[in-house]
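Shown next: model_28.pdb, given as PDB, C-alpha atoms and all ligand atoms.
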ATOM      1  CA  MET P  20     -45.821 151.329  41.064
ATOM      2  CA  THR P  21     -46.730 147.844  42.295
ATOM      3  CA  LYS P  22     -48.970 149.399  44.922
ATOM      4  CA  ALA P  23     -50.784 151.417  42.255
ATOM      5  CA  ILE P  24     -51.397 148.256  40.216
ATOM      6  CA  VAL P  25     -52.758 146.440  43.265
ATOM      7  CA  ILE P  26     -55.073 149.340  44.101
ATOM      8  CA  ALA P  27     -56.211 149.585  40.473
ATOM      9  CA  SER P  28     -57.002 145.871  40.271
ATOM     10  CA  ILE P  29     -58.900 145.958  43.578
ATOM     11  CA  THR P  30     -60.943 148.883  42.252
ATOM     12  CA  ILE P  31     -61.666 147.051  38.996
ATOM     13  CA  THR P  32     -62.665 143.849  40.869
ATOM     14  CA  ALA P  33     -64.986 145.824  43.144
ATOM     15  CA  ALA P  34     -66.544 147.546  40.135
ATOM     16  CA  PHE P  35     -67.216 144.187  38.471
ATOM     17  CA  ALA P  36     -68.743 142.766  41.659
ATOM     18  CA  ALA P  37     -71.015 145.788  41.950
ATOM     19  CA  THR P  38     -72.064 145.454  38.300
ATOM     20  CA  ALA P  39     -72.927 141.764  38.768
ATOM     21  CA  ALA P  40     -74.994 142.556  41.865
ATOM     22  CA  ARG P  41     -76.869 145.326  40.034
ATOM     23  CA  ALA P  42     -77.597 143.096  37.038
ATOM     24  CA  ALA P  43     -79.048 140.421  39.317
ATOM     25  CA  ASP P  44     -82.823 140.222  39.108
ATOM     26  CA  PRO P  45     -84.581 138.902  42.246
ATOM     27  CA  ALA P  46     -87.797 138.134  40.310
ATOM     28  CA  ALA P  47     -85.912 135.904  37.874
ATOM     29  CA  GLY P  48     -84.149 134.331  40.854
ATOM     30  CA  LYS P  49     -87.458 133.620  42.573
ATOM     31  CA  ALA P  50     -88.808 131.845  39.475
ATOM     32  CA  LYS P  51     -85.674 129.718  39.193
ATOM     33  CA  TYR P  52     -85.664 128.994  42.928
ATOM     34  CA  GLU P  53     -89.316 127.963  43.000
ATOM     35  CA  ALA P  54     -88.839 125.611  40.042
ATOM     36  CA  THR P  55     -86.394 123.284  41.894
ATOM     37  CA  CYS P  56     -84.693 124.555  45.028
ATOM     38  CA  VAL P  57     -87.933 125.060  46.969
ATOM     39  CA  ALA P  58     -88.340 121.261  47.297
ATOM     40  CA  CYS P  59     -85.557 121.173  49.903
ATOM     41  CA  HIS P  60     -84.794 124.746  50.908
ATOM     42  CA  GLY P  61     -88.480 125.551  51.366
ATOM     43  CA  ALA P  62     -90.796 128.443  50.577
ATOM     44  CA  ASN P  63     -89.056 131.755  51.256
ATOM     45  CA  GLY P  64     -85.754 129.973  51.878
ATOM     46  CA  ILE P  65     -86.767 128.309  55.157
ATOM     47  CA  SER P  66     -85.968 124.627  54.732
ATOM     48  CA  VAL P  67     -88.377 121.729  55.049
ATOM     49  CA  ALA P  68     -86.100 119.309  56.954
ATOM     50  CA  PRO P  69     -83.194 119.529  59.398
ATOM     51  CA  ILE P  70     -80.670 118.172  56.870
ATOM     52  CA  TYR P  71     -81.308 121.098  54.488
ATOM     53  CA  PRO P  72     -79.938 124.542  55.362
ATOM     54  CA  ASN P  73     -82.083 127.665  55.429
ATOM     55  CA  VAL P  74     -80.945 129.984  52.661
ATOM     56  CA  ALA P  75     -83.152 132.999  53.407
ATOM     57  CA  GLY P  76     -81.368 136.220  54.231
ATOM     58  CA  GLN P  77     -77.892 134.790  53.647
ATOM     59  CA  LYS P  78     -75.269 137.205  52.284
ATOM     60  CA  TYR P  79     -75.293 137.712  48.507
ATOM     61  CA  GLU P  80     -71.557 137.086  47.973
ATOM     62  CA  TYR P  81     -71.586 133.970  50.154
ATOM     63  CA  LEU P  82     -74.555 132.500  48.271
ATOM     64  CA  VAL P  83     -72.830 133.156  44.944
ATOM     65  CA  SER P  84     -69.576 131.543  46.070
ATOM     66  CA  GLN P  85     -71.317 128.477  47.544
ATOM     67  CA  MET P  86     -73.493 127.852  44.466
ATOM     68  CA  GLN P  87     -70.451 128.242  42.204
ATOM     69  CA  GLY P  88     -68.519 125.938  44.535
ATOM     70  CA  PHE P  89     -71.125 123.168  44.277
ATOM     71  CA  ARG P  90     -71.266 123.638  40.521
ATOM     72  CA  ASP P  91     -67.501 123.701  40.006
ATOM     73  CA  GLY P  92     -66.673 121.000  42.568
ATOM     74  CA  THR P  93     -64.744 123.121  45.082
ATOM     75  CA  ARG P  94     -67.549 122.439  47.611
ATOM     76  CA  GLN P  95     -68.567 118.822  47.457
ATOM     77  CA  ASN P  96     -71.959 117.438  48.369
ATOM     78  CA  PRO P  97     -73.676 114.617  46.505
ATOM     79  CA  ILE P  98     -77.160 116.119  46.959
ATOM     80  CA  MET P  99     -76.387 119.746  46.116
ATOM     81  CA  ALA P 100     -73.826 119.280  43.324
ATOM     82  CA  PRO P 101     -76.339 118.046  40.717
ATOM     83  CA  MET P 102     -78.705 120.889  41.683
ATOM     84  CA  ALA P 103     -76.045 123.506  40.938
ATOM     85  CA  GLN P 104     -74.790 121.829  37.760
ATOM     86  CA  GLY P 105     -77.332 123.497  35.479
ATOM     87  CA  LEU P 106     -76.882 127.023  36.884
ATOM     88  CA  SER P 107     -75.118 129.732  34.865
ATOM     89  CA  ASP P 108     -73.353 132.628  36.600
ATOM     90  CA  ILE P 109     -76.357 134.811  35.749
ATOM     91  CA  ASP P 110     -78.819 132.264  37.238
ATOM     92  CA  ILE P 111     -76.679 132.212  40.378
ATOM     93  CA  ALA P 112     -76.655 136.022  40.586
ATOM     94  CA  HIS P 113     -80.466 136.140  40.205
ATOM     95  CA  ILE P 114     -81.029 133.442  42.849
ATOM     96  CA  ALA P 115     -78.578 135.075  45.274
ATOM     97  CA  ALA P 116     -80.322 138.434  44.810
ATOM     98  CA  TYR P 117     -83.677 136.810  45.610
ATOM     99  CA  LEU P 118     -82.495 134.794  48.633
ATOM    100  CA  SER P 119     -80.333 137.516  50.198
ATOM    101  CA  ALA P 120     -83.341 139.861  50.277
ATOM    102  CA  LEU P 121     -85.554 137.395  52.200
ATOM    103  CA  LYS P 122     -86.087 137.502  55.966
ATOM    104  CA  GLN P 123     -84.214 134.841  57.957
TER     105      GLN P 123
HETATM  106  C1  LIG L 201     -82.669 117.526  47.092
HETATM  107  C2  LIG L 201     -82.529 118.627  48.036
HETATM  108  C3  LIG L 201     -81.914 119.924  47.552
HETATM  109  C4  LIG L 201     -82.326 120.688  46.477
HETATM  110  C5  LIG L 201     -83.472 120.417  45.498
HETATM  111  C6  LIG L 201     -81.467 121.857  46.471
HETATM  112  N1  LIG L 201     -80.586 121.816  47.518
HETATM  113 FE1  LIG L 201     -79.274 123.289  48.067
HETATM  114  N2  LIG L 201     -78.583 122.132  49.577
HETATM  115  C7  LIG L 201     -79.022 120.845  49.872
HETATM  116  C8  LIG L 201     -78.179 120.292  50.925
HETATM  117  C9  LIG L 201     -78.303 118.919  51.557
HETATM  118  C10 LIG L 201     -77.224 121.297  51.256
HETATM  119  C11 LIG L 201     -76.107 121.206  52.288
HETATM  120  C12 LIG L 201     -74.892 120.686  51.564
HETATM  121  C13 LIG L 201     -73.696 120.485  52.455
HETATM  122  O1  LIG L 201     -73.857 119.986  53.560
HETATM  123  O2  LIG L 201     -72.598 120.863  52.023
HETATM  124  C14 LIG L 201     -77.524 122.434  50.392
HETATM  125  C15 LIG L 201     -76.816 123.631  50.437
HETATM  126  C16 LIG L 201     -77.110 124.737  49.677
HETATM  127  C17 LIG L 201     -76.475 126.040  49.802
HETATM  128  C18 LIG L 201     -75.390 126.410  50.800
HETATM  129  C19 LIG L 201     -76.016 126.911  52.083
HETATM  130  C20 LIG L 201     -75.000 127.303  53.123
HETATM  131  O3  LIG L 201     -75.410 127.863  54.140
HETATM  132  O4  LIG L 201     -73.798 127.062  52.957
HETATM  133  C21 LIG L 201     -77.035 126.851  48.869
HETATM  134  C22 LIG L 201     -76.712 128.308  48.629
HETATM  135  C23 LIG L 201     -78.013 126.061  48.158
HETATM  136  N3  LIG L 201     -78.046 124.795  48.659
HETATM  137  C24 LIG L 201     -78.771 126.551  47.110
HETATM  138  C25 LIG L 201     -79.638 125.746  46.348
HETATM  139  C26 LIG L 201     -80.259 126.206  45.124
HETATM  140  C27 LIG L 201     -80.092 127.593  44.530
HETATM  141  C28 LIG L 201     -81.007 125.161  44.663
HETATM  142  C29 LIG L 201     -81.824 125.088  43.377
HETATM  143  C30 LIG L 201     -81.092 125.321  42.151
HETATM  144  C31 LIG L 201     -80.874 124.067  45.607
HETATM  145  N4  LIG L 201     -80.009 124.466  46.600
HETATM  146  C32 LIG L 201     -81.539 122.858  45.526
HETATM  147  C33 LIG L 201     -80.108 120.207  49.298
HETATM  148  C34 LIG L 201     -80.809 120.631  48.189
END
Transcribe the structure of this file into structure tokens.
Amino acid sequence: MTKAIVIASITITAAFAATAARAADPAAGKAKYEATCVACHGANGISVAPIYPNVAGQKYEYLVSQMQGFRDGTRQNPIMAPMAQGLSDIDIAHIAAYLSALKQ
């Protein structure tokens, strides 16, 4: 019984994750990225200075969790936190879809 519930909730979680990834629009992510993020993380996600990480070709789920972390305060950085503050979950999904598809 418990096992069935665990399996069912894993299946539901996976289905939601897949839906979010499908809804993500790389073109919308590119527009958002080029409006602000490009100043530090560079054109095509290759950063402009050694203190800024490259974000091109990073995994979709990792990008989502890091951007949410900066926004929600679970990952703390005084430069990145204000950048993530204005991002909705949909913005984050779009940006992650754009960046994860770029070449490293
Ligand atoms: C003023 C410079 C600056 C801008 C603009 C900026 N970032 Fe960042 N970003 C940083 C720095 C610095 C870090 C590294 C933070 C740390 O060391 O924890 C970072 C880290 C990240 C990471 C985590 C990378 C990793 O490998 O863990 C992501 C994802 C990210 N930024 C996305 C964005 C997005 C999306 C935007 C635009 C909404 C943006 N950044 C705008 C400076 C910036």
Rounded to one decimal, what separation in Å do you get between atom O2 of ligand LIG 201 (chain L) and atom CA of Val67 of chain P?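 Interatomic distance here is 16.1 Å.
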Could you check the closest approach to ligand LIG 201 (chain L) for each of P:Gly76, P:Asp91, P:Leu121, P:Tyr71 and tell me which residue wins, using only C-alpha atoms and all ligand atoms?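 Between P:Gly76, P:Asp91, P:Leu121, P:Tyr71, the residue approaching ligand LIG 201 (chain L) most closely is P:Tyr71.
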Go through the shown structure with the PyMOL selection byres (((not hetatm)) within 6 of (chain L and resi 201)) and write out the matching residues as a list of chain:residue names.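 That selection, the PyMOL selection byres (((not hetatm)) within 6 of (chain L and resi 201)), comes back as P:Tyr52, P:Thr55, P:Cys56, P:Ala58, P:Cys59, P:Ile70, P:Tyr71, P:Pro72, P:Val74, P:Leu82, P:Gln85, P:Met86, P:Asn96, P:Ile98, P:Met99, P:Met102, P:Ala103.
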Atomic separation - atom CA of Lys49 of chain P relative to atom CA of Ser84 of chain P, Å: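 One can read the atom CA of Ser84 of chain P to atom CA of Lys49 of chain P distance as 18.3 Å.
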Between P:Gln77, P:Asp44, P:Val57, P:Thr93, smallest distance to Ile111 of chain P by all atoms listed in the file belongs to P:Asp44
Could you pull the residues within 10 Å of Ala47 of chain P, counting only C-alpha atoms, minus those fewer than 4 positions along the same chain, as an NGL selection string? :P and (43 or 51-52 or 109-110 or 112-114 or 116-117)
Return the single residue from P:Pro69, P:Gly64, P:Pro97, P:Gly92 that is closest to Ala120 of chain P, with distances computed using all atoms listed in the file. P:Gly64
Could you work out how far atom CA of Lys122 of chain P lies from atom CA of Gln104 of chain P, giving the answer in Å with one decimal? 26.5 Å
Rank P:Glu80, P:His60, P:Ala50, P:Asn73 by their smallest atom-to-atom distance to Ala115 of chain P, using all atoms listed in the file, and report the top residue only.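 Distance minimum relative to Ala115 of chain P lands on P:Glu80.
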Could you rebuild segment 60-83 of chain P with N, CA and C atoms and give me the result as an mmCIF file, keeping the file's coordinate frame?
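result_13.cif, written as the output of this step:
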data_model
loop_
_atom_site.group_PDB
_atom_site.id
_atom_site.type_symbol
_atom_site.label_atom_id
_atom_site.label_comp_id
_atom_site.auth_asym_id
_atom_site.auth_seq_id
_atom_site.Cartn_x
_atom_site.Cartn_y
_atom_site.Cartn_z
ATOM 1 N N HIS P 60 -85.110 123.544 50.124
ATOM 2 C CA HIS P 60 -84.794 124.746 50.908
ATOM 3 C C HIS P 60 -86.046 125.514 51.316
ATOM 4 N N GLY P 61 -87.220 125.046 50.857
ATOM 5 C CA GLY P 61 -88.480 125.551 51.366
ATOM 6 C C GLY P 61 -88.937 126.892 50.802
ATOM 7 N N ALA P 62 -90.226 127.163 51.006
ATOM 8 C CA ALA P 62 -90.796 128.443 50.577
ATOM 9 C C ALA P 62 -90.101 129.555 51.344
ATOM 10 N N ASN P 63 -89.753 130.616 50.653
ATOM 11 C CA ASN P 63 -89.056 131.755 51.256
ATOM 12 C C ASN P 63 -87.722 131.395 51.901
ATOM 13 N N GLY P 64 -87.113 130.296 51.434
ATOM 14 C CA GLY P 64 -85.754 129.973 51.878
ATOM 15 C C GLY P 64 -85.646 129.358 53.261
ATOM 16 N N ILE P 65 -86.782 128.977 53.845
ATOM 17 C CA ILE P 65 -86.767 128.309 55.157
ATOM 18 C C ILE P 65 -86.988 126.823 54.890
ATOM 19 N N SER P 66 -85.992 126.007 55.222
ATOM 20 C CA SER P 66 -85.968 124.627 54.732
ATOM 21 C C SER P 66 -87.036 123.737 55.361
ATOM 22 N N VAL P 67 -87.290 122.625 54.660
ATOM 23 C CA VAL P 67 -88.377 121.729 55.049
ATOM 24 C C VAL P 67 -87.906 120.589 55.950
ATOM 25 N N ALA P 68 -86.609 120.409 56.137
ATOM 26 C CA ALA P 68 -86.100 119.309 56.954
ATOM 27 C C ALA P 68 -84.752 119.702 57.550
ATOM 28 N N PRO P 69 -84.424 119.126 58.702
ATOM 29 C CA PRO P 69 -83.194 119.529 59.398
ATOM 30 C C PRO P 69 -81.905 119.307 58.602
ATOM 31 N N ILE P 70 -81.909 118.405 57.627
ATOM 32 C CA ILE P 70 -80.670 118.172 56.870
ATOM 33 C C ILE P 70 -80.462 119.206 55.761
ATOM 34 N N TYR P 71 -81.450 120.056 55.517
ATOM 35 C CA TYR P 71 -81.308 121.098 54.488
ATOM 36 C C TYR P 71 -81.141 122.452 55.155
ATOM 37 N N PRO P 72 -80.138 123.224 54.731
ATOM 38 C CA PRO P 72 -79.938 124.542 55.362
ATOM 39 C C PRO P 72 -80.972 125.577 54.903
ATOM 40 N N ASN P 73 -81.318 126.479 55.825
ATOM 41 C CA ASN P 73 -82.083 127.665 55.429
ATOM 42 C C ASN P 73 -81.181 128.512 54.540
ATOM 43 N N VAL P 74 -81.750 129.113 53.528
ATOM 44 C CA VAL P 74 -80.945 129.984 52.661
ATOM 45 C C VAL P 74 -81.489 131.418 52.637
ATOM 46 N N ALA P 75 -82.564 131.656 53.355
ATOM 47 C CA ALA P 75 -83.152 132.999 53.407
ATOM 48 C C ALA P 75 -82.230 133.965 54.123
ATOM 49 N N GLY P 76 -82.093 135.147 53.555
ATOM 50 C CA GLY P 76 -81.368 136.220 54.231
ATOM 51 C C GLY P 76 -79.868 136.007 54.342
ATOM 52 N N GLN P 77 -79.351 135.008 53.644
ATOM 53 C CA GLN P 77 -77.892 134.790 53.647
ATOM 54 C C GLN P 77 -77.235 135.887 52.793
ATOM 55 N N LYS P 78 -75.964 136.148 53.025
ATOM 56 C CA LYS P 78 -75.269 137.205 52.284
ATOM 57 C C LYS P 78 -75.159 136.861 50.796
ATOM 58 N N TYR P 79 -75.337 137.884 49.963
ATOM 59 C CA TYR P 79 -75.293 137.712 48.507
ATOM 60 C C TYR P 79 -73.989 137.040 48.048
ATOM 61 N N GLU P 80 -72.850 137.605 48.453
ATOM 62 C CA GLU P 80 -71.557 137.086 47.973
ATOM 63 C C GLU P 80 -71.340 135.644 48.413
ATOM 64 N N TYR P 81 -71.749 135.336 49.639
ATOM 65 C CA TYR P 81 -71.586 133.970 50.154
ATOM 66 C C TYR P 81 -72.438 132.996 49.326
ATOM 67 N N LEU P 82 -73.681 133.361 49.068
ATOM 68 C CA LEU P 82 -74.555 132.500 48.271
ATOM 69 C C LEU P 82 -73.951 132.242 46.893
ATOM 70 N N VAL P 83 -73.453 133.314 46.270
ATOM 71 C CA VAL P 83 -72.830 133.156 44.944
ATOM 72 C C VAL P 83 -71.656 132.190 45.039
#
